[in-house]
Structure formats: C-alpha cells, structure tokens
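Trainee: So here's my_file25.cif, just mmCIF, N, CA, C and O atoms:
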data_target
loop_
_atom_site.label_atom_id
_atom_site.label_comp_id
_atom_site.auth_asym_id
_atom_site.auth_seq_id
_atom_site.Cartn_x
_atom_site.Cartn_y
_atom_site.Cartn_z
N MET A 1 142.23 183.12 221.98
CA MET A 1 143.30 182.58 222.80
C MET A 1 142.89 181.28 223.46
O MET A 1 143.69 180.37 223.58
N SER A 2 141.65 181.17 223.92
CA SER A 2 141.22 179.94 224.58
C SER A 2 141.21 178.77 223.60
O SER A 2 141.42 177.64 224.00
N SER A 3 141.01 179.03 222.32
CA SER A 3 141.07 177.97 221.30
C SER A 3 142.49 177.41 221.20
O SER A 3 142.69 176.20 221.10
N LEU A 4 143.47 178.28 221.26
CA LEU A 4 144.87 177.85 221.23
C LEU A 4 145.21 177.01 222.45
O LEU A 4 145.88 175.99 222.35
N ARG A 5 144.74 177.41 223.62
CA ARG A 5 144.97 176.63 224.85
C ARG A 5 144.37 175.23 224.75
O ARG A 5 144.97 174.27 225.17
N ARG A 6 143.15 175.15 224.19
CA ARG A 6 142.52 173.84 224.06
C ARG A 6 143.30 172.94 223.12
O ARG A 6 143.40 171.74 223.32
N ARG A 7 143.89 173.51 222.09
CA ARG A 7 144.67 172.69 221.14
C ARG A 7 146.03 172.31 221.72
O ARG A 7 146.56 171.24 221.44
N LEU A 8 146.62 173.17 222.52
CA LEU A 8 147.94 172.90 223.08
C LEU A 8 147.89 172.00 224.32
O LEU A 8 148.85 171.30 224.60
N ALA A 9 146.80 172.00 225.05
CA ALA A 9 146.71 171.22 226.29
C ALA A 9 147.04 169.75 226.07
O ALA A 9 147.85 169.19 226.82
N PRO A 10 146.45 169.05 225.07
CA PRO A 10 146.80 167.63 224.88
C PRO A 10 148.28 167.42 224.54
O PRO A 10 148.90 166.46 224.98
N VAL A 11 148.85 168.33 223.78
CA VAL A 11 150.27 168.22 223.41
C VAL A 11 151.14 168.36 224.66
O VAL A 11 152.07 167.59 224.87
N LEU A 12 150.83 169.34 225.50
CA LEU A 12 151.60 169.53 226.72
C LEU A 12 151.46 168.35 227.65
O LEU A 12 152.43 167.93 228.28
N LEU A 13 150.27 167.77 227.75
CA LEU A 13 150.09 166.59 228.59
C LEU A 13 150.90 165.41 228.08
O LEU A 13 151.52 164.68 228.85
N MET A 14 150.93 165.22 226.77
CA MET A 14 151.73 164.12 226.20
C MET A 14 153.20 164.33 226.46
O MET A 14 153.92 163.40 226.80
N LEU A 15 153.67 165.56 226.31
CA LEU A 15 155.08 165.85 226.58
C LEU A 15 155.43 165.60 228.04
O LEU A 15 156.46 165.01 228.35
N ALA A 16 154.55 166.03 228.94
CA ALA A 16 154.81 165.83 230.37
C ALA A 16 154.79 164.34 230.71
O ALA A 16 155.64 163.86 231.46
N ALA A 17 153.86 163.60 230.17
CA ALA A 17 153.79 162.16 230.44
C ALA A 17 155.00 161.44 229.87
O ALA A 17 155.54 160.53 230.48
N GLY A 18 155.47 161.85 228.72
CA GLY A 18 156.63 161.22 228.10
C GLY A 18 157.92 161.50 228.82
O GLY A 18 158.86 160.72 228.76
N SER A 19 157.99 162.58 229.57
CA SER A 19 159.23 162.92 230.26
C SER A 19 159.37 162.23 231.60
O SER A 19 160.45 162.12 232.14
N ALA A 20 158.28 161.71 232.17
CA ALA A 20 158.34 161.08 233.50
C ALA A 20 159.32 159.91 233.56
O ALA A 20 160.12 159.85 234.48
N PRO A 21 159.32 158.95 232.60
CA PRO A 21 160.27 157.85 232.69
C PRO A 21 161.72 158.31 232.61
O PRO A 21 162.58 157.75 233.25
N VAL A 22 161.98 159.35 231.85
CA VAL A 22 163.35 159.86 231.74
C VAL A 22 163.79 160.40 233.09
O VAL A 22 164.90 160.15 233.53
N LEU A 23 162.91 161.11 233.77
CA LEU A 23 163.26 161.65 235.08
C LEU A 23 163.54 160.53 236.08
O LEU A 23 164.47 160.61 236.85
N ALA A 24 162.73 159.48 236.08
CA ALA A 24 162.94 158.35 236.99
C ALA A 24 164.27 157.67 236.70
O ALA A 24 164.96 157.22 237.60
N ALA A 25 164.65 157.58 235.43
CA ALA A 25 165.90 156.93 235.06
C ALA A 25 167.10 157.75 235.52
O ALA A 25 168.19 157.20 235.70
N ASP A 26 166.92 159.04 235.71
CA ASP A 26 168.03 159.91 236.11
C ASP A 26 168.25 159.95 237.62
O ASP A 26 169.17 160.60 238.08
N LEU A 27 167.41 159.27 238.38
CA LEU A 27 167.56 159.30 239.84
C LEU A 27 168.80 158.55 240.28
O LEU A 27 169.13 157.50 239.72
N PRO A 28 169.47 159.04 241.33
CA PRO A 28 170.58 158.26 241.90
C PRO A 28 170.03 156.94 242.43
O PRO A 28 168.89 156.88 242.92
N GLU A 29 170.82 155.89 242.33
CA GLU A 29 170.39 154.56 242.72
C GLU A 29 171.32 154.00 243.78
O GLU A 29 172.53 154.11 243.66
N PHE A 30 170.74 153.39 244.82
CA PHE A 30 171.49 152.79 245.90
C PHE A 30 171.04 151.35 246.06
O PHE A 30 169.87 151.04 245.89
N GLN A 31 171.97 150.47 246.42
CA GLN A 31 171.71 149.04 246.53
C GLN A 31 171.64 148.62 248.00
O GLN A 31 172.45 149.05 248.81
N LEU A 32 170.67 147.75 248.29
CA LEU A 32 170.51 147.17 249.62
C LEU A 32 170.14 145.71 249.41
O LEU A 32 169.38 145.39 248.49
N ALA A 33 170.69 144.82 250.23
CA ALA A 33 170.39 143.39 250.09
C ALA A 33 170.03 142.82 251.45
O ALA A 33 170.48 143.31 252.50
N ILE A 34 169.21 141.79 251.42
CA ILE A 34 168.93 141.01 252.63
C ILE A 34 169.57 139.64 252.42
O ILE A 34 169.37 139.01 251.39
N GLU A 35 170.43 139.24 253.36
CA GLU A 35 171.11 137.95 253.27
C GLU A 35 171.31 137.42 254.69
O GLU A 35 171.79 138.15 255.56
N HIS A 36 170.93 136.17 254.91
CA HIS A 36 170.97 135.56 256.25
C HIS A 36 170.14 136.41 257.22
O HIS A 36 170.52 136.59 258.38
N HIS A 37 169.05 136.98 256.70
CA HIS A 37 168.11 137.78 257.49
C HIS A 37 168.76 139.01 258.10
O HIS A 37 168.37 139.47 259.17
N ARG A 38 169.77 139.55 257.40
CA ARG A 38 170.42 140.79 257.82
C ARG A 38 170.56 141.70 256.60
O ARG A 38 170.84 141.23 255.50
N TRP A 39 170.39 142.99 256.84
CA TRP A 39 170.56 143.95 255.75
C TRP A 39 172.04 144.17 255.47
O TRP A 39 172.85 144.22 256.40
N GLN A 40 172.37 144.28 254.21
CA GLN A 40 173.75 144.57 253.80
C GLN A 40 173.72 145.71 252.80
O GLN A 40 173.16 145.53 251.72
N PRO A 41 174.24 146.84 253.14
CA PRO A 41 174.83 147.20 254.43
C PRO A 41 173.73 147.50 255.45
O PRO A 41 172.60 147.83 255.08
N GLU A 42 174.07 147.43 256.72
CA GLU A 42 173.11 147.75 257.77
C GLU A 42 172.92 149.26 257.89
O GLU A 42 171.88 149.72 258.35
N GLU A 43 173.92 150.01 257.46
CA GLU A 43 173.84 151.47 257.45
C GLU A 43 174.18 151.94 256.04
O GLU A 43 175.25 151.62 255.52
N LEU A 44 173.28 152.68 255.44
CA LEU A 44 173.45 153.14 254.06
C LEU A 44 173.37 154.66 254.03
O LEU A 44 172.40 155.24 254.50
N ARG A 45 174.42 155.29 253.52
CA ARG A 45 174.46 156.76 253.44
C ARG A 45 173.92 157.21 252.08
O ARG A 45 174.32 156.68 251.04
N VAL A 46 172.99 158.17 252.14
CA VAL A 46 172.35 158.71 250.95
C VAL A 46 172.40 160.23 251.02
O VAL A 46 172.54 160.80 252.11
N PRO A 47 172.26 160.91 249.88
CA PRO A 47 172.28 162.37 249.92
C PRO A 47 170.97 162.95 250.46
O PRO A 47 169.89 162.47 250.13
N ALA A 48 171.08 163.94 251.32
CA ALA A 48 169.90 164.66 251.80
C ALA A 48 169.40 165.58 250.69
O ALA A 48 170.18 166.04 249.85
N GLY A 49 168.10 165.81 250.68
CA GLY A 49 167.52 166.76 249.73
C GLY A 49 167.39 166.26 248.31
O GLY A 49 167.13 167.05 247.41
N VAL A 50 167.60 164.97 248.08
CA VAL A 50 167.57 164.41 246.73
C VAL A 50 166.66 163.18 246.71
O VAL A 50 166.79 162.30 247.58
N LYS A 51 165.76 163.10 245.74
CA LYS A 51 164.96 161.88 245.57
C LYS A 51 165.88 160.82 244.99
O LYS A 51 166.73 161.10 244.14
N PHE A 52 165.71 159.55 245.42
CA PHE A 52 166.57 158.48 244.91
C PHE A 52 165.80 157.17 244.84
O PHE A 52 164.70 157.03 245.39
N LYS A 53 166.41 156.22 244.16
CA LYS A 53 165.84 154.89 244.00
C LYS A 53 166.67 153.92 244.83
O LYS A 53 167.89 153.86 244.70
N LEU A 54 165.98 153.16 245.69
CA LEU A 54 166.63 152.14 246.50
C LEU A 54 166.26 150.79 245.88
O LEU A 54 165.08 150.45 245.78
N VAL A 55 167.26 150.04 245.44
CA VAL A 55 167.05 148.72 244.85
C VAL A 55 167.37 147.69 245.93
O VAL A 55 168.48 147.62 246.41
N VAL A 56 166.35 146.91 246.30
CA VAL A 56 166.47 145.94 247.38
C VAL A 56 166.45 144.53 246.78
O VAL A 56 165.50 144.17 246.09
N THR A 57 167.50 143.75 247.06
CA THR A 57 167.62 142.38 246.56
C THR A 57 167.52 141.41 247.72
O THR A 57 168.15 141.61 248.76
N ASN A 58 166.73 140.35 247.54
CA ASN A 58 166.58 139.32 248.57
C ASN A 58 167.43 138.12 248.18
O ASN A 58 167.11 137.40 247.24
N ARG A 59 168.52 137.89 248.90
CA ARG A 59 169.41 136.75 248.65
C ARG A 59 169.06 135.54 249.51
O ARG A 59 169.76 134.53 249.46
N ASP A 60 168.00 135.66 250.31
CA ASP A 60 167.57 134.56 251.17
C ASP A 60 166.56 133.68 250.44
O ASP A 60 166.01 134.06 249.41
N GLY A 61 166.30 132.52 251.02
CA GLY A 61 165.34 131.58 250.45
C GLY A 61 163.92 131.77 250.95
O GLY A 61 163.05 130.96 250.67
N THR A 62 163.70 132.83 251.72
CA THR A 62 162.36 133.13 252.24
C THR A 62 162.02 134.59 251.93
O THR A 62 162.91 135.42 251.76
N PRO A 63 160.73 134.92 251.86
CA PRO A 63 160.36 136.31 251.61
C PRO A 63 160.78 137.21 252.76
O PRO A 63 160.97 136.76 253.89
N GLU A 64 160.94 138.48 252.45
CA GLU A 64 161.20 139.50 253.46
C GLU A 64 160.42 140.74 253.07
O GLU A 64 160.04 140.90 251.91
N GLU A 65 160.18 141.58 254.04
CA GLU A 65 159.49 142.83 253.77
C GLU A 65 160.38 143.99 254.19
O GLU A 65 160.79 144.06 255.34
N PHE A 66 160.70 144.85 253.23
CA PHE A 66 161.40 146.09 253.55
C PHE A 66 160.35 147.00 254.15
O PHE A 66 159.35 147.31 253.52
N GLU A 67 160.56 147.40 255.41
CA GLU A 67 159.58 148.25 256.07
C GLU A 67 160.28 149.36 256.83
O GLU A 67 161.34 149.16 257.44
N SER A 68 159.67 150.54 256.79
CA SER A 68 160.18 151.68 257.54
C SER A 68 159.02 152.59 257.93
O SER A 68 158.33 153.13 257.06
N VAL A 69 158.83 152.72 259.22
CA VAL A 69 157.84 153.66 259.73
C VAL A 69 158.33 155.08 259.45
O VAL A 69 157.56 155.95 259.03
N ASP A 70 159.64 155.32 259.64
CA ASP A 70 160.22 156.64 259.41
C ASP A 70 160.04 157.11 257.97
O ASP A 70 159.77 158.27 257.71
N LEU A 71 160.19 156.18 257.02
CA LEU A 71 160.10 156.51 255.60
C LEU A 71 158.70 156.30 255.02
O LEU A 71 158.45 156.61 253.87
N LYS A 72 157.82 155.71 255.83
CA LYS A 72 156.45 155.40 255.41
C LYS A 72 156.44 154.51 254.16
O LYS A 72 155.75 154.77 253.18
N ARG A 73 157.23 153.42 254.23
CA ARG A 73 157.32 152.47 253.11
C ARG A 73 157.26 151.05 253.65
O ARG A 73 157.80 150.77 254.72
N GLU A 74 156.64 150.17 252.88
CA GLU A 74 156.71 148.73 253.14
C GLU A 74 156.44 148.01 251.83
O GLU A 74 155.52 148.36 251.09
N LYS A 75 157.30 147.05 251.55
CA LYS A 75 157.21 146.33 250.29
C LYS A 75 157.85 144.95 250.45
O LYS A 75 158.96 144.85 250.95
N ILE A 76 157.14 143.92 250.01
CA ILE A 76 157.65 142.55 250.11
C ILE A 76 158.64 142.27 248.99
O ILE A 76 158.44 142.68 247.85
N VAL A 77 159.72 141.55 249.36
CA VAL A 77 160.73 141.11 248.40
C VAL A 77 160.74 139.58 248.44
O VAL A 77 161.06 138.99 249.47
N MET A 78 160.38 138.97 247.34
CA MET A 78 160.33 137.52 247.26
C MET A 78 161.74 136.93 247.25
O MET A 78 162.70 137.62 246.89
N PRO A 79 161.90 135.65 247.61
CA PRO A 79 163.22 135.01 247.59
C PRO A 79 163.86 135.12 246.20
O PRO A 79 163.20 134.85 245.19
N GLY A 80 165.09 135.57 246.16
CA GLY A 80 165.79 135.75 244.90
C GLY A 80 165.28 136.92 244.08
O GLY A 80 165.74 137.14 242.97
N GLY A 81 164.36 137.69 244.64
CA GLY A 81 163.75 138.79 243.90
C GLY A 81 164.39 140.13 244.20
O GLY A 81 165.31 140.25 245.02
N GLN A 82 163.85 141.14 243.53
CA GLN A 82 164.37 142.49 243.65
C GLN A 82 163.19 143.46 243.54
O GLN A 82 162.28 143.24 242.74
N ILE A 83 163.23 144.52 244.32
CA ILE A 83 162.22 145.56 244.25
C ILE A 83 162.90 146.92 244.16
O ILE A 83 164.09 147.05 244.50
N SER A 84 162.16 147.91 243.76
CA SER A 84 162.63 149.29 243.77
C SER A 84 161.71 150.09 244.69
O SER A 84 160.49 149.93 244.65
N VAL A 85 162.33 150.93 245.50
CA VAL A 85 161.60 151.80 246.41
C VAL A 85 162.10 153.22 246.14
O VAL A 85 163.30 153.48 246.21
N TYR A 86 161.18 154.11 245.83
CA TYR A 86 161.53 155.51 245.57
C TYR A 86 161.37 156.29 246.87
O TYR A 86 160.33 156.22 247.52
N ILE A 87 162.42 157.01 247.24
CA ILE A 87 162.47 157.68 248.53
C ILE A 87 162.97 159.11 248.34
O ILE A 87 163.84 159.37 247.53
N GLY A 88 162.44 159.99 249.17
CA GLY A 88 162.96 161.34 249.25
C GLY A 88 162.14 162.35 248.48
O GLY A 88 161.11 162.02 247.93
N PRO A 89 162.70 163.54 248.50
CA PRO A 89 163.93 163.95 249.16
C PRO A 89 163.79 163.94 250.69
O PRO A 89 162.74 164.26 251.22
N LEU A 90 164.87 163.55 251.35
CA LEU A 90 164.89 163.44 252.81
C LEU A 90 165.66 164.62 253.42
O LEU A 90 166.64 165.09 252.84
N GLU A 91 165.22 165.02 254.59
CA GLU A 91 166.01 165.97 255.37
C GLU A 91 167.19 165.21 255.96
O GLU A 91 167.12 163.99 256.15
N ALA A 92 168.27 165.91 256.25
CA ALA A 92 169.42 165.26 256.89
C ALA A 92 168.97 164.59 258.18
O ALA A 92 168.20 165.15 258.94
N GLY A 93 169.46 163.36 258.39
CA GLY A 93 169.09 162.65 259.60
C GLY A 93 169.18 161.15 259.41
O GLY A 93 169.68 160.65 258.40
N SER A 94 168.69 160.42 260.40
CA SER A 94 168.75 158.96 260.43
C SER A 94 167.32 158.41 260.30
O SER A 94 166.41 158.87 260.99
N TYR A 95 167.15 157.41 259.44
CA TYR A 95 165.85 156.82 259.15
C TYR A 95 165.96 155.30 259.31
O TYR A 95 166.68 154.64 258.56
N ARG A 96 165.24 154.76 260.26
CA ARG A 96 165.29 153.34 260.56
C ARG A 96 164.46 152.54 259.56
O ARG A 96 163.40 152.97 259.12
N PHE A 97 164.96 151.34 259.18
CA PHE A 97 164.19 150.39 258.40
C PHE A 97 164.45 148.99 258.96
O PHE A 97 165.40 148.78 259.71
N PHE A 98 163.58 148.04 258.64
CA PHE A 98 163.73 146.69 259.17
C PHE A 98 163.07 145.69 258.24
O PHE A 98 162.31 146.05 257.35
N GLY A 99 163.42 144.43 258.45
CA GLY A 99 162.75 143.34 257.76
C GLY A 99 161.62 142.88 258.64
O GLY A 99 161.86 142.36 259.74
N ASP A 100 160.40 143.06 258.20
CA ASP A 100 159.25 142.78 259.05
C ASP A 100 159.14 141.31 259.44
O ASP A 100 158.63 140.99 260.51
N PHE A 101 159.64 140.40 258.60
CA PHE A 101 159.52 138.98 258.90
C PHE A 101 160.64 138.46 259.81
O PHE A 101 160.55 137.35 260.32
N HIS A 102 161.71 139.25 259.97
CA HIS A 102 162.84 138.85 260.83
C HIS A 102 163.33 140.08 261.60
O HIS A 102 164.49 140.47 261.49
N GLN A 103 162.44 140.65 262.38
CA GLN A 103 162.76 141.89 263.08
C GLN A 103 163.90 141.77 264.08
O GLN A 103 164.55 142.75 264.40
N ASP A 104 164.15 140.55 264.56
CA ASP A 104 165.22 140.36 265.53
C ASP A 104 166.60 140.56 264.92
O ASP A 104 167.54 140.96 265.59
N THR A 105 166.76 140.30 263.61
CA THR A 105 168.08 140.42 262.98
C THR A 105 168.13 141.44 261.84
O THR A 105 169.18 142.02 261.58
N ALA A 106 167.03 141.65 261.16
CA ALA A 106 167.02 142.51 259.97
C ALA A 106 166.72 143.96 260.35
O ALA A 106 165.60 144.45 260.21
N GLN A 107 167.74 144.64 260.85
CA GLN A 107 167.63 146.03 261.29
C GLN A 107 168.63 146.88 260.51
O GLN A 107 169.77 146.45 260.29
N GLY A 108 168.23 148.07 260.11
CA GLY A 108 169.15 148.95 259.41
C GLY A 108 168.70 150.38 259.47
O GLY A 108 167.65 150.69 260.06
N ARG A 109 169.50 151.25 258.86
CA ARG A 109 169.11 152.65 258.80
C ARG A 109 169.76 153.35 257.63
O ARG A 109 170.86 153.01 257.20
N LEU A 110 169.02 154.33 257.12
CA LEU A 110 169.53 155.24 256.10
C LEU A 110 170.03 156.47 256.81
O LEU A 110 169.35 156.98 257.72
N ILE A 111 171.18 156.95 256.41
CA ILE A 111 171.72 158.20 256.94
C ILE A 111 171.72 159.19 255.79
O ILE A 111 172.47 159.02 254.82
N ALA A 112 170.86 160.19 255.88
CA ALA A 112 170.81 161.23 254.85
C ALA A 112 171.72 162.37 255.29
O ALA A 112 171.58 162.89 256.40
N GLU A 113 172.68 162.69 254.42
CA GLU A 113 173.64 163.76 254.76
C GLU A 113 173.95 164.62 253.57
O GLU A 113 173.77 164.26 252.45
#
As structure tokens - that is how I would like this structure written.

Mentor:
Amino acid sequence: MSSLRRRLAPVLLMLAAGSAPVLAADLPEFQLAIEHHRWQPEELRVPAGVKFKLVVTNRDGTPEEFESVDLKREKIVMPGGQISVYIGPLEAGSYRFFGDFHQDTAQGRLIAE
C-alpha cells in the first residue's frame, strides 16, 4: 500500500497545483479606484464569509498605497496602474482602508454583510 501512496502523491500534488488558478478565477471581484486622491467608492459593500478579489485602479498621476490595518494589507498602485488584493473571508462588519500617501483625503471602508 505504501508503494501506491508514493506513486499517487506526485499526481495528487500536480492536480492540486493545477486547480489553484481555477479557484482564484472563480472569486467574486470588486472594483475600487483612486481619483483626485479619493477612493471611489468611499464605501464598498462586499459579502461576509466569502474570499474575494479587490481590483484597485489608480487614475491619478502620482502613486498611491492601498493600506488597511483592519485588513492587514498594503500595496502600492502606480499612476495609471492596477493591482489585485485578495481579501477574506471577512466577518460581518466595517473595515477601514486609506491611501497612505494622501491620508487626509483618501479614506474609505469595506462593509462586509
């Protein structure tokens, strides 16, 4: 029996590795943009209990950083660029995020419900 396990282990690993991109492609996707140093929308509703992909687009001519202490995420978005941030699953509630380079104006929150 242990011989069979040794032969099947590489096959199972390849199958598991091959399925990961399919799972990521199946995630719900939400859009967020930074424009004039403000998040659009400033409040974004997402499903609680579900992992999702947040696509952040920078429409400004300067870099910005999507940052959230609540979500434990920070990622720079170059001017005219786009990033993906994988989040969740979240418990129902409110999660603050901000633009680290323009904290006075770039404030927002995710509402998981």

Trainee: Which value, in Å to one decimal, gives the distance between atom C of His102 (chain A) and atom C of Val50 (chain A)?

Mentor: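 Distance reported for this atom pair: 27.7 Å.
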
Trainee: Can you tell me which residues surround Ala106 (chain A) at a distance of at most 6 Å, considering all atoms listed in the file, apart from same-chain residues fewer than 6 positions away, and format the answer as a list in words?

Mentor: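 The contact residues come out as His37, Arg38, Trp39, Phe97, Phe98, Gly99 and Asp100 of chain A.
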
Trainee: Evaluate the PyMOL selection byres (((chain A and resi 66 and name CA) around 7) and name CA) against this structure - the residues, as a PyMOL selection string, please.

Mentor: chain A and resi 64-65+67-68+74-76+98-100

Trainee: Keeping N, CA, C and O atoms, export the residues of the selection given above as a CSV table (one decimal), in the frame of the given file.

Mentor:
chain,number,residue,atom,x,y,z
A,64,GLU,N,160.9,138.5,252.4
A,64,GLU,CA,161.2,139.5,253.5
A,64,GLU,C,160.4,140.7,253.1
A,64,GLU,O,160.0,140.9,251.9
A,65,GLU,N,160.2,141.6,254.0
A,65,GLU,CA,159.5,142.8,253.8
A,65,GLU,C,160.4,144.0,254.2
A,65,GLU,O,160.8,144.1,255.3
A,67,GLU,N,160.6,147.4,255.4
A,67,GLU,CA,159.6,148.2,256.1
A,67,GLU,C,160.3,149.4,256.8
A,67,GLU,O,161.3,149.2,257.4
A,68,SER,N,159.7,150.5,256.8
A,68,SER,CA,160.2,151.7,257.5
A,68,SER,C,159.0,152.6,257.9
A,68,SER,O,158.3,153.1,257.1
A,74,GLU,N,156.6,150.2,252.9
A,74,GLU,CA,156.7,148.7,253.1
A,74,GLU,C,156.4,148.0,251.8
A,74,GLU,O,155.5,148.4,251.1
A,75,LYS,N,157.3,147.0,251.6
A,75,LYS,CA,157.2,146.3,250.3
A,75,LYS,C,157.8,145.0,250.4
A,75,LYS,O,159.0,144.8,251.0
A,76,ILE,N,157.1,143.9,250.0
A,76,ILE,CA,157.6,142.6,250.1
A,76,ILE,C,158.6,142.3,249.0
A,76,ILE,O,158.4,142.7,247.8
A,98,PHE,N,163.6,148.0,258.6
A,98,PHE,CA,163.7,146.7,259.2
A,98,PHE,C,163.1,145.7,258.2
A,98,PHE,O,162.3,146.0,257.4
A,99,GLY,N,163.4,144.4,258.4
A,99,GLY,CA,162.8,143.3,257.8
A,99,GLY,C,161.6,142.9,258.6
A,99,GLY,O,161.9,142.4,259.7
A,100,ASP,N,160.4,143.1,258.2
A,100,ASP,CA,159.2,142.8,259.0
A,100,ASP,C,159.1,141.3,259.4
A,100,ASP,O,158.6,141.0,260.5

Trainee: For region 30-35 of chain A, list every protein, DNA or RNA residue within 12 Å, evaluated using only C-alpha atoms, and leave out those in the same chain fewer than 6 positions away; present the list as an NGL selection string.

Mentor: :A and (41-47 or 51-66 or 76-87 or 97-102 or 105-110)

Trainee: Using CA of Arg96 (chain A) and CA of Gly49 (chain A) as the two end points, give the distance in Å to one decimal.

Mentor: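 We find that CA of Arg96 (chain A) and CA of Gly49 (chain A) lie 17.4 Å from each other.
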
Trainee: Please, what distance in Å, to one decimal, runs between atom O of Leu90 (chain A) and atom O of Gln103 (chain A)?

Mentor: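 Going from atom O of Leu90 (chain A) over to atom O of Gln103 (chain A) covers 25.2 Å.
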
Trainee: Give me every strand (DSSP E or B) residue in region 27-102 of chain A, going by DSSP on the backbone, as number ranges by chain.

Mentor: A: 29-35, 38-40, 43-46, 52-58, 64-68, 73-77, 82-87, 93-99

Trainee: Give as a list in words the residues that the PyMOL selection byres ((chain A and resi 113) around 6) matches when applied to the coordinates above.

Mentor: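 When the PyMOL selection byres ((chain A and resi 113) around 6) is applied to the shown file, the picked residues are Val46, Pro47, Ala48, Glu91, Ala92, Gly93, Ile111 and Ala112 of chain A.
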